[in-house]
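Contents: one structure, followed by commentary.
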Amino acid sequence: AHGTMADKSDLLKKRLGAMNAEKERDKAKVDAALEQLNRLCKTAPKKPKGSPEAMDTKLEELEASRTRSSLPLAEEKALLRQMQVVRKEKRSLDEYDRHEQKIQQQKAELEKLRGIYRQKLEAISELDTMLAKFQLAQRLDCSPNDLQSRSVLCPKQKLGQVIGRSGANVRLIEEMTGVQIDVDKEENRIHLSGSEAALERAVQEVEAIAHSVDKTVPVSKATMNYLTASKRLGMLDKFRAKHRVRINFVEGVSAVTLSGIPERIATAEEDLDTMQVQSLSMILTSREASMIVGKGGSTVNALTDKHGVAIVINKDKIGDSATVIVDGLSLAAEAALAEIETMVAANKDVEEFVDIHPMHRQMLLSGSAEGIATLQAAINKDMTLHKDAVRLTFRKDYEGKGSKLLIRTKQIHAARAKELAEQLIDELNSDCITLHAPLAALPQIVGRGGQMVKKLRSLGAGGEIEIEKETGCIHILANNAEEREKIKVGVEAIIDKNHVREIPIEKFLIGRVLGGPGKDLRAEMTRIGVSYRMNPADTHIVLRGAKDQVDQCAVLILDFLGSNHLEEFEIPPEDEKILFQGENGLTRRVEKEHHVAAIYRKSERRLYIRGKEDNVKSAAQHIKQVLVGGDGFAVVRMSLPDGTVGTLVGKGGKNVKAIEAEHEGVTIQISDASISPPILTMRGPEEKVEEARSKILASLATTKVVDSVPISSEQKETLENAPSVIRDIATDANSQMTLMESSVRIRGVSSDVRYAKGLLMETLTGSYKSYIDFEAGQYSVISSAVTKDPSHFERIRKSTETDLALDEEAKAICILGKRSNVKKAKALLFDFLEFVLSSSMERVKVEKPFMKTMADAEGLADIAAASGASISLDRDLSFVIIQSSDSGKVETAFKLVSARIVEHGRLVDVHKLDQSEAWLLPNIIGKGGSTIRSLETNSGCSVEVSKEELTIVIRGKDEVKVAAVKVKLFEVIDNLKRECLFIDIPDQAQLAFIGKSGEHINFLRDEHNVTIDVMKKPNGRLQVQGSESNILAAKTAIDVWRKEWEGQNIGESVAVEGTDIPAIIGSKGSVINGIQKDFGVKVDIDRDAGMLTIRGGKTSEERNGAAERINDIVRQHHDDVEARKAAAASKAEKERREKAAAGSGASDTNKKGNSLESGVDNSRKSRSNEFSSVPVGMTVTASTKSAAKKKERGTIEGRNLFALLVASSTGVPSNVHTDEHWDSSTVSSAAVSTNGQDASLEGRTHYKCISGFSVRL
């Protein structure tokens, strides 16, 4: 039966073929007839006007007019012409009728042919239908009589999914089931033809699509590329066929939409999740990319088939490069990329170079480069390659010495080709002799006009000499070894007579050698027979002659130079005195003790030492010790505040002499008045200098200075009109201030005076000036770091709108601007300084109430003397600043400051009120301060109230008395709270509660003997004050009134969660204001109870509408929260999977700050974002909780690296503190290391240079 059906199909195909051939012939006839009709239509004449009958009548009339009577000749001619025109029109009409008849005949013929053509089409359609039926039956292996048809109704929105893109789904179902499918888009029906079993399967597939669901599944970008990139692999079609689902890619995100029945979607999703697809790429040149593609894509297709990956090559539109992207399963993608890399490496054109002597180059290029061609053929033959696989040439653009033989070949052949080339060239080099001659001897070897070199060539047969003028190499070639040796002997004889030696010399010694002192030296060298001269740079003496004679003269010159060694020293202005003190002057002592000459040039401020080298070096050591210290001898310099010199020196220098007498071996020197600020220099044994320095600092700590601030007449008038300004500044700065005629006179310790000046100038000009002081060594580091990288200062300037400047004289950073901005700038600067100074700087936070007791210069001086560190107080940020290059001293000072704060903390009590308790402050102060005075009476304590900071500070000298005042204060506060009550009423009830002209509120006041005030913030809150019983009675009355009012003003209540209220209010109240405006209602919010009350509105519908709007907002807010949670969970799950796949984890290192007892806030601010969290050279460790256990931060390598990068090139020796500034805000008592080592570093090496880098340690 199957065979019979196949035969019938073949017969139908043959018949269909014959019918199609007849159809084409008939169509050709139709086209020909149509073309002929078109030609007739195009050539049709224009139809004349009028009919034949009218034309005949016209002729008869004209003929009658002509023959009726005799006419003049002219009229008769006119009638004849008219008759001729009419006859012509009649002939045109006859011609038109004949042409129109032909057109109608052609149209009839065309319609007949078209009818035959339509019959052929109908017959072909019937044959097509019959053949399709037979083929369908044959495909389904059934009889044509068994074929059935079914129609499936499909939802309109699913019709496109059933069809698929370009009919893909329809074709897939036809291939799977064998049925024939037609889609009726107008009726939304799917018509299927086939056997009963096939129809059943096809209907299931169609209905599966029609009733399918969609699910969006996230996939990696690599997976998307793998499924879609290569049509050759057909991975997308295979995936669709495998799972019988539709898959579409979501635009803009890494996700796909799966469509189908749920069971198939689940299987497909699981397959996507487990699919380990990886995307790899590499950059190639265009030539390499073409090689990977291969001829007609053969290579890339072979790679695709071999590894089962998608390979895409994207060429750069601008540059000569391309990107190869490999998408596929992990192992397959890696294998494919590895094979591509191997192919690229093996087929890469490379160039190798081999050095060759220029003489050999000429030899190889001679005879039309026959030699190099022979060499190339030998290499290719040895490697069994074709003749051009390895190509040899000489590099034309080479500018170095000698010659380079260029080898061009593939990477795979390069190493072997170079090896063979070197072997062949070595054979050539074996026949060459090479000598090395001094460059100065080359002119003698060449001779005038080249005469000498020509003579040398003639010594051996076939001799050739090549001289490299830059290196002094001489290459000799000849016919054989004996001839080459003859030339060699001649060259060596010339070299021996022209030996050259250069002896280095300092420029200042040139005059002594070539002048009078060197006369005998020059005469002796001439006698020996050696010539001499200076090189062009005047850095060496050049000797020429026989080697022994040159060496003899070199000894004479070195002896002469050794007796004229020179060193120089820069002398600070304050040290000029010590140079010239008679027999005890530094210059005289150096000359006597070290047998050298000492010369001081005042214009240069330089001291020159000349003599024998050993003597000069010992004298230099002596001078360095006096100037900067060392070997147990210390030198300390400090800047003194103006006005303190007289107090320090005493009458006739009595105080200085007393200190020198008390500390044996210490000398104290104060600079002249010409140097500002004055510099005090101490010299002597290290321990004695340290003791004397501490004593001077302790003395200066309490020294009062006087400064004046000039003011204008307008500023004076301003201060006179507000006398409290000067009084408040003087109290805050702990100084005395007097308003003079044209200035303000300030007296106090220097730090207080400077602080008072800053506050005064802020009042007068609006700009506040503040300083951050440093030790001299630390200032040098800061100055170097800022000079090399000013970006940090610029960043702070821009972000805080302040002016920052380095004050060289004060050894400080000056900040100018609004005080609030200055505080911000200082906070940022301290972060930067802790980064730059690392462990040599520490801050201790002091609560503002404790600042007054900490602002004791004498107490800070005691801590500085005990610890050896610099201690200063920053009133702007409430910090105690500790500085020292020795981290151990910083730690000691940290402990002492902390202990001091704790000690003061027991004598100071601070009580801070909440903002809601601000009403208590006026009552605590009392009328005219009566309550405060009563607390202070008989207690010896002071009570300070700050309305701005809402604090009450109790200070005293006895801890018990402070506690007693604290108890009394709390009693006052408790009484005040019992006599005051706050009651909330709805905003809309305020006017009704107050009443007309305050009638109702006044009634309640009088009735219950209380005061009732309506507070502005929060709106709708009442403050009721009076006796406890009266305010309770008033509260009861107000509650009764509020319930009555609420009963008359019905409101809708909506219960919400606390987290929903911000969404209901909106940004700046935009949402709730919109609700109130839209519905004409008032919404009261009770956050504590989680209740919204809606009042007002003209009708209940408006209140209900507002309530529904609020409920909609709450529901939307909940949906948004859930969506964010789901997104976060999805992201976290994705990250977890990626981390699990990568096998990576993350670890966090937490760093805890130090903490102190009460009164101390030692918490560290987080580091600014511009600094790395784990700097170079640092080891991150968790700090201990005790401030006493503070350790030095960073590794030794990190600290040394920092010193290497930011220290100045000349630097200041670590044992010297030059130009150290002092005032009572920077009480510096840092110990001076006399052995050139920092005790905290235990002699470890420091490096110093100019680098320009910034590193955070």
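For the structure tokens, the naming scheme is as follows: chains receive sequential letters (A, B, ...) according to their order of presentation, residues are indexed from 1 within each chain, and ligands are indexed from 1 in presentation order.
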
With only C-alpha atoms as the counted atoms, please give the residues lying no more than 10 Å from Ala537 in chain A, apart from itself and same-chain residues fewer than 3 positions off, as a PyMOL selection string. chain A and resi 507+534+540

Taking all heavy atoms for each residue, export the selection above as a short mmCIF file (atom, residue, chain, number, x, y, z; two decimals), in the first residue's frame.
data_model
loop_
_atom_site.label_atom_id
_atom_site.label_comp_id
_atom_site.auth_asym_id
_atom_site.auth_seq_id
_atom_site.Cartn_x
_atom_site.Cartn_y
_atom_site.Cartn_z
N LYS A 507 86.02 71.45 41.71
CA LYS A 507 86.26 72.66 40.92
C LYS A 507 87.07 73.71 41.69
O LYS A 507 87.88 74.42 41.12
CB LYS A 507 84.92 73.26 40.48
CG LYS A 507 84.27 72.50 39.33
CD LYS A 507 83.11 73.26 38.74
CE LYS A 507 82.54 72.52 37.54
NZ LYS A 507 81.45 73.26 36.88
N MET A 534 92.70 69.68 31.53
CA MET A 534 91.40 69.50 32.16
C MET A 534 90.40 68.99 31.11
O MET A 534 90.45 69.40 29.95
CB MET A 534 90.88 70.82 32.74
CG MET A 534 91.68 71.36 33.90
SD MET A 534 91.75 70.24 35.31
CE MET A 534 90.01 70.03 35.67
N HIS A 540 87.78 66.45 35.77
CA HIS A 540 88.90 65.51 35.86
C HIS A 540 90.16 66.16 35.25
O HIS A 540 90.08 66.94 34.29
CB HIS A 540 88.61 64.20 35.12
CG HIS A 540 87.56 63.37 35.77
ND1 HIS A 540 86.22 63.67 35.67
CD2 HIS A 540 87.65 62.23 36.53
CE1 HIS A 540 85.52 62.77 36.34
NE2 HIS A 540 86.36 61.88 36.87
#

Contacts of range 148-165 of chain A within 6 Å, only C-alpha atoms, excl. fewer than 3 positions in-chain, as a list in words: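 In the requested format, the answer is Ala168, Asn169, Val170, Asn188, Arg189, Ile190, His191, Leu192, Ser193, Gly194, Ser195, Ile209 and Ala210 of chain A.
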
Might you pull out every residue within 12 Å of Leu816 in chain A, with only C-alpha atoms counted and same-chain residues fewer than 4 positions away left off, and present them as a tab-separated table (two decimals) with N, CA and C atoms, in the first residue's frame?
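The result, written out as result_29.tsv:
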chain	number	residue	atom	x	y	z
A	758	GLY	N	41.50	85.66	67.95
A	758	GLY	CA	40.67	85.03	66.92
A	758	GLY	C	39.20	85.32	67.12
A	759	LEU	N	38.71	85.23	68.38
A	759	LEU	CA	37.31	85.49	68.66
A	759	LEU	C	36.97	86.95	68.41
A	761	MET	N	38.50	89.09	66.31
A	761	MET	CA	38.50	89.38	64.88
A	761	MET	C	37.27	88.79	64.20
A	762	GLU	N	36.79	87.67	64.72
A	762	GLU	CA	35.56	87.11	64.16
A	762	GLU	C	34.40	88.06	64.40
A	765	THR	N	35.22	91.27	62.04
A	765	THR	CA	35.33	91.10	60.58
A	765	THR	C	34.51	89.94	60.03
A	766	GLY	N	34.05	89.05	60.90
A	766	GLY	CA	33.31	87.89	60.42
A	766	GLY	C	34.20	86.73	60.06
A	767	SER	N	35.54	86.91	60.13
A	767	SER	CA	36.48	85.84	59.83
A	767	SER	C	37.20	85.44	61.10
A	768	TYR	N	37.32	84.12	61.26
A	768	TYR	CA	37.95	83.57	62.46
A	768	TYR	C	39.25	82.89	62.05
A	769	LYS	N	40.32	83.19	62.78
A	769	LYS	CA	41.63	82.61	62.48
A	769	LYS	C	42.04	81.67	63.62
A	770	SER	N	42.48	80.47	63.23
A	770	SER	CA	42.92	79.49	64.21
A	770	SER	C	44.18	78.81	63.70
A	771	TYR	N	44.90	78.13	64.59
A	771	TYR	CA	46.17	77.52	64.26
A	771	TYR	C	46.21	76.08	64.75
A	772	ILE	N	47.00	75.27	64.04
A	772	ILE	CA	47.39	73.94	64.53
A	772	ILE	C	48.92	73.96	64.60
A	797	ARG	N	40.12	73.06	51.36
A	797	ARG	CA	39.75	74.45	51.07
A	797	ARG	C	38.39	74.51	50.36
A	800	THR	N	35.32	73.22	52.62
A	800	THR	CA	34.97	74.01	53.82
A	800	THR	C	34.96	75.50	53.57
A	801	GLU	N	35.38	75.93	52.37
A	801	GLU	CA	35.42	77.36	52.03
A	801	GLU	C	36.27	78.14	53.03
A	802	THR	N	37.44	77.65	53.32
A	802	THR	CA	38.38	78.32	54.21
A	802	THR	C	39.71	78.50	53.48
A	803	ASP	N	40.54	79.37	54.07
A	803	ASP	CA	41.90	79.56	53.56
A	803	ASP	C	42.87	78.82	54.47
A	804	LEU	N	43.73	77.98	53.87
A	804	LEU	CA	44.73	77.24	54.62
A	804	LEU	C	46.11	77.72	54.18
A	805	ALA	N	47.02	77.86	55.15
A	805	ALA	CA	48.37	78.29	54.83
A	805	ALA	C	49.35	77.73	55.84
A	806	LEU	N	50.56	77.43	55.37
A	806	LEU	CA	51.64	77.01	56.27
A	806	LEU	C	52.35	78.25	56.78
A	820	SER	N	32.45	78.23	61.96
A	820	SER	CA	31.90	76.89	61.73
A	820	SER	C	32.68	76.17	60.64
A	821	ASN	N	33.07	76.91	59.60
A	821	ASN	CA	33.86	76.30	58.52
A	821	ASN	C	35.26	75.96	58.99
A	822	VAL	N	35.83	76.83	59.86
A	822	VAL	CA	37.17	76.56	60.39
A	822	VAL	C	37.16	75.27	61.20
A	823	LYS	N	36.09	75.04	61.97
A	823	LYS	CA	36.00	73.80	62.74
A	823	LYS	C	35.96	72.59	61.81
A	824	LYS	N	35.19	72.69	60.72
A	824	LYS	CA	35.13	71.57	59.77
A	824	LYS	C	36.50	71.33	59.15
A	825	ALA	N	37.17	72.44	58.78
A	825	ALA	CA	38.49	72.30	58.18
A	825	ALA	C	39.48	71.66	59.14
A	826	LYS	N	39.42	72.05	60.42
A	826	LYS	CA	40.35	71.48	61.40
A	826	LYS	C	40.08	69.99	61.59

What's the 9 Å shell around Leu950 in chain A, counting only C-alpha atoms, without same-chain residues fewer than 5 positions away, as a ChimeraX atom specification? /A:911-915,917-918,921,945

Extract, using only C-alpha atoms, all DNA, RNA and protein residues at most 8 Å from Met1091 in chain A, discarding same-chain residues fewer than 3 positions from it, and format them as a PyMOL selection string. chain A and resi 1053-1056+1085-1088

Which residues are close to Asp752 in chain A, i.e. within 8 Å by only C-alpha atoms, leaving aside same-chain residues fewer than 2 positions away? Reply as a PyMOL selection string. chain A and resi 733-735+748-750+754-756+1225

Keeping only N, CA, C and O atoms, take the residues you just selected and write them out as a CSV table (one decimal), in the first residue's frame.
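The resulting file, result_0.csv, is reproduced below:
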chain,number,residue,atom,x,y,z
A,733,ALA,N,38.1,83.0,76.8
A,733,ALA,CA,39.5,82.8,76.6
A,733,ALA,C,40.4,82.9,77.8
A,733,ALA,O,41.7,82.8,77.7
A,734,ASN,N,39.8,83.1,79.0
A,734,ASN,CA,40.6,83.2,80.2
A,734,ASN,C,41.7,84.2,80.1
A,734,ASN,O,42.9,83.9,80.5
A,735,SER,N,41.4,85.4,79.7
A,735,SER,CA,42.3,86.5,79.5
A,735,SER,C,41.7,87.8,79.9
A,735,SER,O,40.5,87.9,80.2
A,748,GLY,N,47.4,87.8,78.8
A,748,GLY,CA,47.2,86.4,79.3
A,748,GLY,C,48.4,85.6,78.8
A,748,GLY,O,49.3,86.0,78.2
A,749,VAL,N,48.3,84.2,79.0
A,749,VAL,CA,49.3,83.4,78.4
A,749,VAL,C,49.1,83.4,76.9
A,749,VAL,O,48.0,83.7,76.4
A,750,SER,N,50.1,83.0,76.2
A,750,SER,CA,50.1,83.2,74.7
A,750,SER,C,49.0,82.5,74.0
A,750,SER,O,48.4,83.0,73.1
A,754,ARG,N,46.1,84.4,71.8
A,754,ARG,CA,45.8,84.1,70.4
A,754,ARG,C,44.4,83.7,70.2
A,754,ARG,O,43.8,84.1,69.2
A,755,TYR,N,43.8,82.9,71.1
A,755,TYR,CA,42.4,82.5,71.0
A,755,TYR,C,41.5,83.7,71.1
A,755,TYR,O,40.6,83.8,70.4
A,756,ALA,N,41.8,84.6,72.1
A,756,ALA,CA,41.0,85.8,72.2
A,756,ALA,C,41.1,86.7,71.0
A,756,ALA,O,40.1,87.2,70.6
A,1225,SER,N,50.2,77.1,74.2
A,1225,SER,CA,49.3,76.1,73.6
A,1225,SER,C,50.0,74.9,73.1
A,1225,SER,O,49.4,73.9,72.7

Fewer than 3 positions away in the same chain doesn't count, so skip those; otherwise give me all residues within 12 Å of Asp1112 in chain A, counting only C-alpha atoms, as number ranges by chain. A: 1054, 1056, 1060, 1063-1064, 1075, 1105-1109, 1115-1119

So that I have them on file, write out the residues from the current selection with N, CA, C and O atoms, as a short mmCIF file (atom, residue, chain, number, x, y, z; two decimals), in the first residue's frame.
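Generated file (selection.cif):
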data_model
loop_
_atom_site.label_atom_id
_atom_site.label_comp_id
_atom_site.auth_asym_id
_atom_site.auth_seq_id
_atom_site.Cartn_x
_atom_site.Cartn_y
_atom_site.Cartn_z
N VAL A 1054 -7.96 55.76 61.24
CA VAL A 1054 -7.27 54.76 60.42
C VAL A 1054 -6.05 54.27 61.20
O VAL A 1054 -5.17 55.07 61.55
N VAL A 1056 -2.56 52.50 61.55
CA VAL A 1056 -1.41 52.24 60.68
C VAL A 1056 -0.24 51.81 61.55
O VAL A 1056 -0.25 51.97 62.78
N ASP A 1060 4.69 53.01 58.41
CA ASP A 1060 3.91 53.53 57.29
C ASP A 1060 3.78 55.05 57.32
O ASP A 1060 3.49 55.67 56.30
N ALA A 1063 5.68 57.31 54.77
CA ALA A 1063 5.13 57.21 53.42
C ALA A 1063 3.85 58.03 53.30
O ALA A 1063 3.56 58.63 52.25
N ILE A 1064 3.05 58.09 54.38
CA ILE A 1064 1.81 58.85 54.36
C ILE A 1064 2.11 60.35 54.36
O ILE A 1064 1.45 61.13 53.67
N ILE A 1075 -3.52 65.12 50.31
CA ILE A 1075 -4.79 64.47 50.74
C ILE A 1075 -5.70 65.51 51.37
O ILE A 1075 -6.91 65.57 51.09
N GLY A 1105 -13.21 59.07 51.58
CA GLY A 1105 -12.28 59.11 50.45
C GLY A 1105 -10.84 59.32 50.90
O GLY A 1105 -9.91 58.68 50.40
N ALA A 1106 -10.66 60.21 51.87
CA ALA A 1106 -9.31 60.44 52.40
C ALA A 1106 -8.78 59.18 53.07
O ALA A 1106 -7.60 58.82 52.92
N ALA A 1107 -9.68 58.49 53.83
CA ALA A 1107 -9.25 57.25 54.50
C ALA A 1107 -8.87 56.19 53.47
O ALA A 1107 -7.87 55.47 53.64
N GLU A 1108 -9.64 56.08 52.38
CA GLU A 1108 -9.33 55.09 51.35
C GLU A 1108 -8.00 55.44 50.66
O GLU A 1108 -7.20 54.55 50.36
N ARG A 1109 -7.78 56.72 50.43
CA ARG A 1109 -6.51 57.14 49.82
C ARG A 1109 -5.34 56.73 50.73
O ARG A 1109 -4.31 56.24 50.26
N ARG A 1115 -1.02 50.26 51.42
CA ARG A 1115 -0.88 49.00 50.67
C ARG A 1115 0.27 49.10 49.66
O ARG A 1115 1.07 48.16 49.51
N GLN A 1116 0.34 50.22 48.95
CA GLN A 1116 1.43 50.39 47.99
C GLN A 1116 2.79 50.37 48.68
O GLN A 1116 3.76 49.79 48.18
N HIS A 1117 2.84 51.00 49.87
CA HIS A 1117 4.11 51.01 50.63
C HIS A 1117 4.50 49.60 51.03
O HIS A 1117 5.67 49.20 50.93
N HIS A 1118 3.52 48.81 51.47
CA HIS A 1118 3.82 47.41 51.84
C HIS A 1118 4.31 46.62 50.63
O HIS A 1118 5.25 45.83 50.74
N ASP A 1119 3.63 46.85 49.47
CA ASP A 1119 4.06 46.14 48.25
C ASP A 1119 5.49 46.52 47.87
O ASP A 1119 6.29 45.66 47.48
#

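Take CA of Met5 in chain A and CA of Gln138 in chain A: the distance between them is 7.0 Å.
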
Running DSSP on the backbone, which parts of range 722-941 of chain A land in helix (DSSP H, G or I), as a PyMOL selection string? chain A and resi 723-733+750-765+776-788+791-800+819-840+848-854+857-867+887-905+915-917+920-925+927-936

Backbone-only DSSP, strand (DSSP E) members of range 153-337 of chain A, as a PyMOL selection string: chain A and resi 153+180-184+189-194+213-218+246-249+255-260+277-285+310-315+321-329

For CA of Leu640 in chain A and CA of Lys657 in chain A, determine how far apart the two atoms are, in Å to one decimal place.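 Between CA of Leu640 in chain A and CA of Lys657 in chain A the gap is 18.0 Å.
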
Just the number, please: distance in Å from CA of Val354 in chain A to CA of His413 in chain A, one decimal. 15.2 Å
